Amino acid sequence: NINVTEKSTGSVQFGAGVSSSEGIILGVTVNQNNFLGTGNRVSANVNTGSVNTTYALSFTDPYFTPDGVSRGFDIYRRDVDTGSLNTTGNYNSSSYGVGVKFGIPVNERDAWSAGLTFDTTQIDLNSNSPFQYRDYCSKISGGGFNGCTVNSWVLNLGWTHDTRDNILYPSNGVLQRITADVGLPGLDLDYFKLDYKHTWFKSLSKNITLMLSGEAGYGDGYGGDQYPFFKNFYTGGVNSVRGYKTSSIGARALQLNRNNGNINNYAVGGTKLLVGNAEVFFPVPFLKDSKQFRLSVFLDAGTVWGISPSILSSGQVAAPDTCDGASDCLRYSTGLGVSWYSPFGPIKVVLAKALNTNQDDQTEILQFQLGSSF
C-alpha cells in the first residue's frame with residue numbers, strides 16, 4: 001500500500017484487482033480520520049467492476065456517547081449488471097440510499113450494530129430477462145414487464161464475535177457474524193433476510209492450521225408480499241463452493257432467447273442458503289517461515305433453494321432443477337489453493353474439482369481472485 005497522508009490523519013488508497021467472475025476491478029478510497037480536528041472519520045469510496053459498481057460516502061463519530069457507542073451516516077449508489085456473469089438471470093439495477101447506523105461495543109470481543117436505511121432501487125429488464133423477474137416487477141405499483149422502481153425502509157441489525165489471534169493469518173480462534181435486514185411496512189418491500197456465518201481456526205502444529213466454516217441464510221416476504229428476487233441468496237465461486245462458476249449452484253431454469261433463438265440456462269438463487277468449508281493451511285516447501293504465502297487443501301459443500309417450482313416453470317421452456325429441499329441441489333468440491341498476502345494485496349488461486357455435477361451445472365477448474373492496492 002502507498003498511503004498519501006496529511007498530518008497523519010488522512011490517506012488515499014488506490015486499488016485494482018482481477019477475478020475470474022468480474023474481470024478487472026478498480027477502486028479508490030479516501031479517508032480522513034480526524035475531520036476538521038473533530039475526531040470524526042470521513043470516507044469516500046469508489047469501486048468499479050463488470051458486475052458491481054459502488055460509490056459511497058460515510059461520516060462516523062466513533063465516540064457518539066462516552067461509553068464508546070459510534071454513530072455514522074452513509075450515502076451510496078450501487079449498480080449491478082448480471083449480464084457478464086452468464087450464470088444468473090439477466091437484470092440491471094441501480095440503488096440509491098442514505099442511512100444512519102450505530103456501533104455498540106459489548107467488550108473487546110463482541111459488538112452489536114443497528115441502523116436504518118432508506119433505499120430506492122431501479123430495476124431494468126428486457127424481453128430475455130427471466131419471466132419471474134418480469135412478473136415480480138409487473139406487480140409493483142408503476143412497474144411493468146420492462147422493470148420497476150421499489151422504495152424501502154430497511155432495518156439493519158448485526159452482531160459480531162471475534163476471538164481470532166490474528167486478523168490476516170489466524171491460527172486459533174472464532175469469528176461469528178449474524179446480520180438481519182428487515183424491510184419495514186409502508187413502502188414497496190416487506191421482507192426479511194437473515195444470515196449467520198461461523199469460522200473456526202485451530203492450530204494443528206506450529207505451521208499447520210485447520211479452518212472450518214459454515215454459513216446459513218434465510219429470507220422471506222411477509223404481509224402477503226413476494227420476496228424480492230434481487231435479494232436472493234447465491235452460491236458457487238472462489239469464495240464459497242469452489243469449482244463451480246460464481247452464483248451458479250441451485251435451482252436452474254431454461255428460457256428462449258428471443259434475439260438469437262438459443263436457450264438460456266441460468267441460476268435463479270434461492271431464499272435459503274447452506275454452505276460449509278473445511279480447509280487445512282500449510283506452508284509452501286522451503287518457505288516455512290512465511291505466513292504470507294500458504295498452500296491449502298479444501299472440501300466445500302453448499303446449496304441454495306426455496307424458489308417455488310410453479311414460479312420457475314411459468315413462462316419458461318423448462319425447469320430442469322427446482323431444488324425443493326436442501327439436499328436436492330447440494331454440491332461438493334475439493335481441491336488445492338494458494339493464498340498470498342502480497343505487497344499488492346491478497347491473491348487467491350485455486351485448482352478445484354466439482355464432485356457431483358449434473359448436465360446443467362457450470363464448473364471451472366481454475367479460479368482466482370487478485371486484489372491489489374498500489
# chains A, B, ... in the order shown; residues from 1 in each chain; ligands from 1
$ residues_around --residues "range 226-230 of chain A" --least-positions-apart "6" --cutoff "9 Å" --atoms "only C-alpha atoms" --output "CSV table (one decimal) with N, CA and C atoms, in the first residue's frame"
chain,number,residue,atom,x,y,z
A,91,TYR,N,-30.5,-9.0,-15.3
A,91,TYR,CA,-31.2,-7.8,-15.0
A,91,TYR,C,-30.1,-6.7,-14.6
A,93,SER,N,-29.7,-3.1,-12.1
A,93,SER,CA,-30.3,-2.4,-11.1
A,93,SER,C,-29.4,-1.2,-10.7
A,132,GLN,N,-39.9,-14.8,-14.1
A,132,GLN,CA,-40.3,-14.5,-12.7
A,132,GLN,C,-39.8,-13.1,-12.3
A,133,TYR,N,-38.7,-12.5,-12.9
A,133,TYR,CA,-38.3,-11.2,-12.6
A,133,TYR,C,-39.3,-10.2,-13.2
A,136,TYR,N,-42.5,-10.2,-11.2
A,136,TYR,CA,-42.4,-9.5,-9.9
A,136,TYR,C,-42.6,-8.0,-10.2
A,189,LEU,N,-41.3,-2.9,-0.2
A,189,LEU,CA,-40.6,-4.2,0.2
A,189,LEU,C,-40.9,-4.6,1.6
A,190,ASP,N,-41.7,-5.6,1.8
A,190,ASP,CA,-42.0,-6.2,3.1
A,190,ASP,C,-41.3,-7.6,3.1
A,191,TYR,N,-40.1,-7.6,3.7
A,191,TYR,CA,-39.3,-8.9,3.6
A,191,TYR,C,-38.3,-8.9,4.8
A,192,PHE,N,-37.7,-10.0,5.1
A,192,PHE,CA,-36.6,-10.1,6.0
A,192,PHE,C,-35.6,-11.1,5.4
A,219,GLY,N,-34.5,-16.1,3.9
A,219,GLY,CA,-35.2,-14.9,3.6
A,219,GLY,C,-36.7,-15.2,3.2
A,220,ASP,N,-37.6,-14.2,3.4
A,220,ASP,CA,-39.0,-14.5,3.0
A,220,ASP,C,-39.7,-13.1,3.0
A,268,VAL,N,-31.3,-19.2,-10.5
A,268,VAL,CA,-32.2,-18.3,-10.0
A,268,VAL,C,-32.0,-18.0,-8.5
A,269,GLY,N,-31.0,-18.6,-7.9
A,269,GLY,CA,-30.7,-18.4,-6.5
A,269,GLY,C,-31.8,-19.0,-5.6
A,270,GLY,N,-32.0,-18.5,-4.4
A,270,GLY,CA,-33.0,-19.0,-3.6
A,270,GLY,C,-33.2,-18.2,-2.3
A,271,THR,N,-34.1,-18.5,-1.5
A,271,THR,CA,-34.4,-17.8,-0.3
A,271,THR,C,-33.8,-18.5,0.9
$ residues_around --residues "range 338-341 of chain A" --least-positions-apart "6" --cutoff "9 Å" --atoms "only C-alpha atoms" --output "list in words"
Leu168, Lys291, Gln292, Phe293, Arg294, Leu295, Ser296, Ile347, Lys348, Val349, Val350 and Leu351 of chain A
$ closest_residue --among "A:Ala267, A:Ile104, A:Val275, A:Leu116" --to "Thr65 in chain A" --atoms "only C-alpha atoms"
A:Ile104
$ atom_distance --atom1 "CA of Gly214 in chain A" --atom2 "CA of Thr88 in chain A"
23.5 Å
$ select_by_dssp --residues "range 55-134 of chain A" --states "strand (DSSP E)" --output "MDAnalysis selection string"
chainID A and resid 55:61 70:81 92:105 110:124
$ closest_residue --among "A:Gln369, A:Ile123, A:Val42, A:His198" --to "Asn239 in chain A" --atoms "only C-alpha atoms"
A:Gln369
$ closest_residue --among "A:Leu26, A:Cys323, A:Leu287, A:Leu85" --to "Asn207 in chain A" --atoms "only C-alpha atoms"
A:Leu287
$ atom_distance --atom1 "CA of Gly97 in chain A" --atom2 "CA of Val51 in chain A"
19.0 Å
$ residues_around --residues "Ile249 in chain A" --least-positions-apart "6" --cutoff "9 Å" --atoms "only C-alpha atoms" --output "ChimeraX atom specification"
/A:234-236,241,267-269,302-304,329-331,361-362
$ select_by_dssp --residues "range 39-231 of chain A" --states "alpha helix (DSSP H)" --output "PyMOL selection string"
chain A and resi 131-138
$ write_last_selection --atoms "N, CA and C atoms" --output "PDB file, in the first residue's frame"
ATOM      1  N   PHE A 131     -38.768 -14.786 -16.667  1.00  0.00           N
ATOM      2  CA  PHE A 131     -40.182 -14.448 -16.504  1.00  0.00           C
ATOM      3  C   PHE A 131     -40.502 -14.058 -15.073  1.00  0.00           C
ATOM      4  N   GLN A 132     -39.913 -14.760 -14.079  1.00  0.00           N
ATOM      5  CA  GLN A 132     -40.262 -14.451 -12.700  1.00  0.00           C
ATOM      6  C   GLN A 132     -39.799 -13.055 -12.302  1.00  0.00           C
ATOM      7  N   TYR A 133     -38.706 -12.545 -12.910  1.00  0.00           N
ATOM      8  CA  TYR A 133     -38.286 -11.171 -12.644  1.00  0.00           C
ATOM      9  C   TYR A 133     -39.314 -10.191 -13.211  1.00  0.00           C
ATOM     10  N   ARG A 134     -39.743 -10.452 -14.435  1.00  0.00           N
ATOM     11  CA  ARG A 134     -40.710  -9.563 -15.085  1.00  0.00           C
ATOM     12  C   ARG A 134     -42.060  -9.634 -14.377  1.00  0.00           C
ATOM     13  N   ASP A 135     -42.431 -10.832 -13.925  1.00  0.00           N
ATOM     14  CA  ASP A 135     -43.690 -10.984 -13.203  1.00  0.00           C
ATOM     15  C   ASP A 135     -43.652 -10.215 -11.884  1.00  0.00           C
ATOM     16  N   TYR A 136     -42.499 -10.243 -11.197  1.00  0.00           N
ATOM     17  CA  TYR A 136     -42.363  -9.506  -9.939  1.00  0.00           C
ATOM     18  C   TYR A 136     -42.557  -8.007 -10.171  1.00  0.00           C
ATOM     19  N   CYS A 137     -41.873  -7.452 -11.179  1.00  0.00           N
ATOM     20  CA  CYS A 137     -41.965  -6.011 -11.419  1.00  0.00           C
ATOM     21  C   CYS A 137     -43.364  -5.593 -11.866  1.00  0.00           C
ATOM     22  N   SER A 138     -44.055  -6.491 -12.565  1.00  0.00           N
ATOM     23  CA  SER A 138     -45.407  -6.137 -13.025  1.00  0.00           C
ATOM     24  C   SER A 138     -46.382  -5.955 -11.870  1.00  0.00           C
TER      25      SER A 138
END
$ closest_residue --among "A:Ala180, A:Ala253, A:Leu175, A:Leu187" --to "Asp225 in chain A" --atoms "only C-alpha atoms"
A:Leu187
$ closest_residue --among "A:Asn265, A:Ser70, A:Asn151, A:Asn166" --to "Gln359 in chain A" --atoms "only C-alpha atoms"
A:Asn265
$ decode --residues "range 84-127 of chain A" --atoms "N, CA and C atoms" --output "tab-separated table (two decimals), in the first residue's frame"
chain	number	residue	atom	x	y	z
A	84	SER	N	-22.83	-10.00	-17.47
A	84	SER	CA	-21.49	-10.54	-17.73
A	84	SER	C	-21.21	-11.82	-16.97
A	85	LEU	N	-22.05	-12.19	-15.99
A	85	LEU	CA	-21.81	-13.42	-15.24
A	85	LEU	C	-22.10	-14.66	-16.09
A	86	ASN	N	-23.12	-14.59	-16.94
A	86	ASN	CA	-23.52	-15.73	-17.79
A	86	ASN	C	-23.94	-16.95	-16.97
A	87	THR	N	-24.30	-16.73	-15.70
A	87	THR	CA	-24.76	-17.84	-14.87
A	87	THR	C	-26.13	-17.57	-14.26
A	88	THR	N	-26.53	-16.32	-14.14
A	88	THR	CA	-27.78	-15.98	-13.49
A	88	THR	C	-28.69	-15.26	-14.48
A	89	GLY	N	-29.97	-15.13	-14.10
A	89	GLY	CA	-30.90	-14.38	-14.91
A	89	GLY	C	-30.45	-12.94	-15.09
A	90	ASN	N	-30.71	-12.36	-16.25
A	90	ASN	CA	-30.18	-11.05	-16.60
A	90	ASN	C	-31.09	-9.93	-16.09
A	91	TYR	N	-30.50	-9.00	-15.34
A	91	TYR	CA	-31.19	-7.76	-14.97
A	91	TYR	C	-30.14	-6.73	-14.60
A	92	ASN	N	-30.50	-5.46	-14.69
A	92	ASN	CA	-29.67	-4.35	-14.24
A	92	ASN	C	-30.40	-3.63	-13.12
A	93	SER	N	-29.66	-3.15	-12.14
A	93	SER	CA	-30.28	-2.37	-11.08
A	93	SER	C	-29.37	-1.24	-10.65
A	94	SER	N	-29.98	-0.14	-10.24
A	94	SER	CA	-29.27	0.99	-9.66
A	94	SER	C	-29.96	1.34	-8.35
A	95	SER	N	-29.20	1.29	-7.26
A	95	SER	CA	-29.75	1.56	-5.94
A	95	SER	C	-29.14	2.82	-5.37
A	96	TYR	N	-29.98	3.68	-4.81
A	96	TYR	CA	-29.54	4.89	-4.15
A	96	TYR	C	-30.05	4.85	-2.73
A	97	GLY	N	-29.19	5.21	-1.77
A	97	GLY	CA	-29.64	5.10	-0.39
A	97	GLY	C	-28.93	6.07	0.54
A	98	VAL	N	-29.56	6.30	1.68
A	98	VAL	CA	-28.98	7.09	2.76
A	98	VAL	C	-29.37	6.42	4.07
A	99	GLY	N	-28.45	6.36	5.00
A	99	GLY	CA	-28.75	5.63	6.23
A	99	GLY	C	-27.98	6.15	7.42
A	100	VAL	N	-28.44	5.74	8.59
A	100	VAL	CA	-27.75	6.02	9.85
A	100	VAL	C	-27.49	4.69	10.54
A	101	LYS	N	-26.35	4.58	11.21
A	101	LYS	CA	-26.01	3.32	11.87
A	101	LYS	C	-25.31	3.61	13.19
A	102	PHE	N	-25.43	2.66	14.11
A	102	PHE	CA	-24.81	2.75	15.43
A	102	PHE	C	-24.01	1.49	15.69
A	103	GLY	N	-22.81	1.65	16.23
A	103	GLY	CA	-21.99	0.54	16.67
A	103	GLY	C	-21.94	0.51	18.18
A	104	ILE	N	-22.26	-0.65	18.77
A	104	ILE	CA	-22.40	-0.75	20.23
A	104	ILE	C	-21.43	-1.82	20.74
A	105	PRO	N	-20.26	-1.42	21.26
A	105	PRO	CA	-19.32	-2.42	21.78
A	105	PRO	C	-19.81	-3.00	23.09
A	106	VAL	N	-19.66	-4.31	23.23
A	106	VAL	CA	-20.03	-5.00	24.47
A	106	VAL	C	-18.78	-5.26	25.30
A	107	ASN	N	-17.75	-5.77	24.64
A	107	ASN	CA	-16.43	-5.98	25.25
A	107	ASN	C	-15.42	-6.01	24.12
A	108	GLU	N	-14.21	-6.49	24.39
A	108	GLU	CA	-13.17	-6.50	23.36
A	108	GLU	C	-13.47	-7.48	22.24
A	109	ARG	N	-14.36	-8.43	22.47
A	109	ARG	CA	-14.63	-9.49	21.50
A	109	ARG	C	-15.99	-9.38	20.82
A	110	ASP	N	-16.92	-8.68	21.44
A	110	ASP	CA	-18.29	-8.68	20.96
A	110	ASP	C	-18.77	-7.25	20.70
A	111	ALA	N	-19.60	-7.12	19.65
A	111	ALA	CA	-20.17	-5.82	19.32
A	111	ALA	C	-21.49	-6.01	18.60
A	112	TRP	N	-22.42	-5.08	18.84
A	112	TRP	CA	-23.70	-5.03	18.15
A	112	TRP	C	-23.71	-3.85	17.20
A	113	SER	N	-24.56	-3.94	16.18
A	113	SER	CA	-24.75	-2.81	15.27
A	113	SER	C	-26.25	-2.70	14.95
A	114	ALA	N	-26.69	-1.47	14.70
A	114	ALA	CA	-28.09	-1.24	14.35
A	114	ALA	C	-28.14	-0.02	13.44
A	115	GLY	N	-29.01	-0.07	12.44
A	115	GLY	CA	-29.11	1.04	11.52
A	115	GLY	C	-30.43	1.05	10.79
A	116	LEU	N	-30.69	2.15	10.13
A	116	LEU	CA	-31.90	2.32	9.33
A	116	LEU	C	-31.52	2.98	8.03
A	117	THR	N	-31.94	2.39	6.90
A	117	THR	CA	-31.56	2.87	5.57
A	117	THR	C	-32.80	3.08	4.72
A	118	PHE	N	-32.84	4.23	4.05
A	118	PHE	CA	-33.85	4.43	3.01
A	118	PHE	C	-33.20	4.14	1.67
A	119	ASP	N	-33.81	3.24	0.90
A	119	ASP	CA	-33.23	2.79	-0.37
A	119	ASP	C	-34.28	2.86	-1.47
A	120	THR	N	-33.86	3.36	-2.62
A	120	THR	CA	-34.70	3.28	-3.82
A	120	THR	C	-33.90	2.56	-4.90
A	121	THR	N	-34.48	1.53	-5.46
A	121	THR	CA	-33.80	0.68	-6.44
A	121	THR	C	-34.58	0.66	-7.74
A	122	GLN	N	-33.90	1.00	-8.82
A	122	GLN	CA	-34.49	0.93	-10.16
A	122	GLN	C	-34.00	-0.33	-10.84
A	123	ILE	N	-34.93	-1.15	-11.31
A	123	ILE	CA	-34.61	-2.42	-11.95
A	123	ILE	C	-34.98	-2.33	-13.42
A	124	ASP	N	-34.04	-2.66	-14.28
A	124	ASP	CA	-34.26	-2.65	-15.73
A	124	ASP	C	-34.24	-4.07	-16.25
A	125	LEU	N	-35.28	-4.43	-16.99
A	125	LEU	CA	-35.42	-5.77	-17.56
A	125	LEU	C	-35.62	-5.66	-19.07
A	126	ASN	N	-35.53	-6.80	-19.75
A	126	ASN	CA	-35.80	-6.83	-21.19
A	126	ASN	C	-36.53	-8.12	-21.52
A	127	SER	N	-36.78	-8.33	-22.79
A	127	SER	CA	-37.59	-9.49	-23.20
A	127	SER	C	-36.90	-10.80	-22.90
